[in-house]
Amino acid sequence: MEQRVSLVTLGVTDLGRARSFYEALGWAGAQQPDDEVCFFQAGGMVFGLWTALGGHGAPGIELAHNVRSPEDVDAVLGEAARAGGTVVRPAARADWGGFTGAFADPDGYVWEVAHNPGWTLDDSGAVTI
């Protein structure tokens, strides 16, 4: 697993209100593919707001590590399990067209591992939406 965070997602109770708040702070260029999630480019990573974080709703936080291929999702989940983490969502095709799974670290913090064919991941690991 490369040493980087690709995405930080906050669980929110009201997506419109949360998006408006961050836009009032000066965040721009939001991409909102549906009524549940909104993404902002944040330098070489992405900041997300999601009304259904982990299927449990807000509040909550999930970190994500994007990878370069669907096969890399399985590989990183395996690394996490060998290191003492727990696979909480096995790798599978996602409704949004990518490939994703998730693991929890020993303290329960969840990391999504995802290959998103619609996002660019450069050689340094920076993500562009």
# chains A, B, ... in the order shown; residues from 1 in each chain; ligands from 1
call {"tool": "residues_around", "arguments": {"residues": "stretch 14-16 of chain A", "least_positions_apart": "4", "cutoff": "8 Å", "atoms": "only C-alpha atoms", "output": "VMD selection string"}}
result
chain A and resid 20 35 to 38 49 to 51
call {"tool": "write_last_selection", "arguments": {"atoms": "N, CA, C and O atoms", "output": "PDB file, in the first residue's frame"}}
result
ATOM      1  N   SER A  20     -23.311  23.655   0.727  1.00  0.00           N
ATOM      2  CA  SER A  20     -23.411  25.120   0.798  1.00  0.00           C
ATOM      3  C   SER A  20     -22.418  25.697   1.792  1.00  0.00           C
ATOM      4  O   SER A  20     -21.809  26.747   1.544  1.00  0.00           O
ATOM      5  N   ASP A  35     -27.804  12.285  -5.419  1.00  0.00           N
ATOM      6  CA  ASP A  35     -28.315  12.984  -4.239  1.00  0.00           C
ATOM      7  C   ASP A  35     -27.650  12.565  -2.938  1.00  0.00           C
ATOM      8  O   ASP A  35     -28.029  13.048  -1.880  1.00  0.00           O
ATOM      9  N   GLU A  36     -26.656  11.632  -3.003  1.00  0.00           N
ATOM     10  CA  GLU A  36     -26.037  11.121  -1.788  1.00  0.00           C
ATOM     11  C   GLU A  36     -24.605  11.572  -1.566  1.00  0.00           C
ATOM     12  O   GLU A  36     -24.112  11.506  -0.445  1.00  0.00           O
ATOM     13  N   VAL A  37     -23.913  12.021  -2.619  1.00  0.00           N
ATOM     14  CA  VAL A  37     -22.487  12.298  -2.471  1.00  0.00           C
ATOM     15  C   VAL A  37     -22.072  13.522  -3.287  1.00  0.00           C
ATOM     16  O   VAL A  37     -22.670  13.824  -4.325  1.00  0.00           O
ATOM     17  N   CYS A  38     -21.054  14.212  -2.778  1.00  0.00           N
ATOM     18  CA  CYS A  38     -20.500  15.388  -3.432  1.00  0.00           C
ATOM     19  C   CYS A  38     -18.993  15.359  -3.221  1.00  0.00           C
ATOM     20  O   CYS A  38     -18.528  15.065  -2.112  1.00  0.00           O
ATOM     21  N   LEU A  49     -18.423  14.540   0.705  1.00  0.00           N
ATOM     22  CA  LEU A  49     -19.542  14.620   1.646  1.00  0.00           C
ATOM     23  C   LEU A  49     -20.528  13.550   1.206  1.00  0.00           C
ATOM     24  O   LEU A  49     -20.875  13.471   0.026  1.00  0.00           O
ATOM     25  N   TRP A  50     -20.987  12.720   2.150  1.00  0.00           N
ATOM     26  CA  TRP A  50     -21.845  11.594   1.783  1.00  0.00           C
ATOM     27  C   TRP A  50     -22.930  11.413   2.819  1.00  0.00           C
ATOM     28  O   TRP A  50     -22.666  11.333   4.013  1.00  0.00           O
ATOM     29  N   THR A  51     -24.176  11.314   2.364  1.00  0.00           N
ATOM     30  CA  THR A  51     -25.303  11.176   3.287  1.00  0.00           C
ATOM     31  C   THR A  51     -25.468   9.750   3.800  1.00  0.00           C
ATOM     32  O   THR A  51     -26.174   9.523   4.764  1.00  0.00           O
TER      33      THR A  51
END
call {"tool": "select_by_dssp", "arguments": {"residues": "stretch 44-118 of chain A", "states": "alpha helix (DSSP H)", "output": "PyMOL selection string"}}
result
chain A and resi 70-82
call {"tool": "select_by_dssp", "arguments": {"residues": "chain A", "states": "strand (DSSP E)", "output": "PyMOL selection string"}}
result
chain A and resi 7-11+37-42+45-50+60-66+86-93+99-104+110-115+120-121+127-128
call {"tool": "closest_residue", "arguments": {"among": "A:Asp107, A:Glu23, A:Asp95, A:Glu2", "to": "A:Phe40", "atoms": "only C-alpha atoms"}}
result
A:Glu23
call {"tool": "atom_distance", "arguments": {"atom1": "atom CA of A:Val88", "atom2": "atom CA of A:Pro117"}}
result
22.6 Å
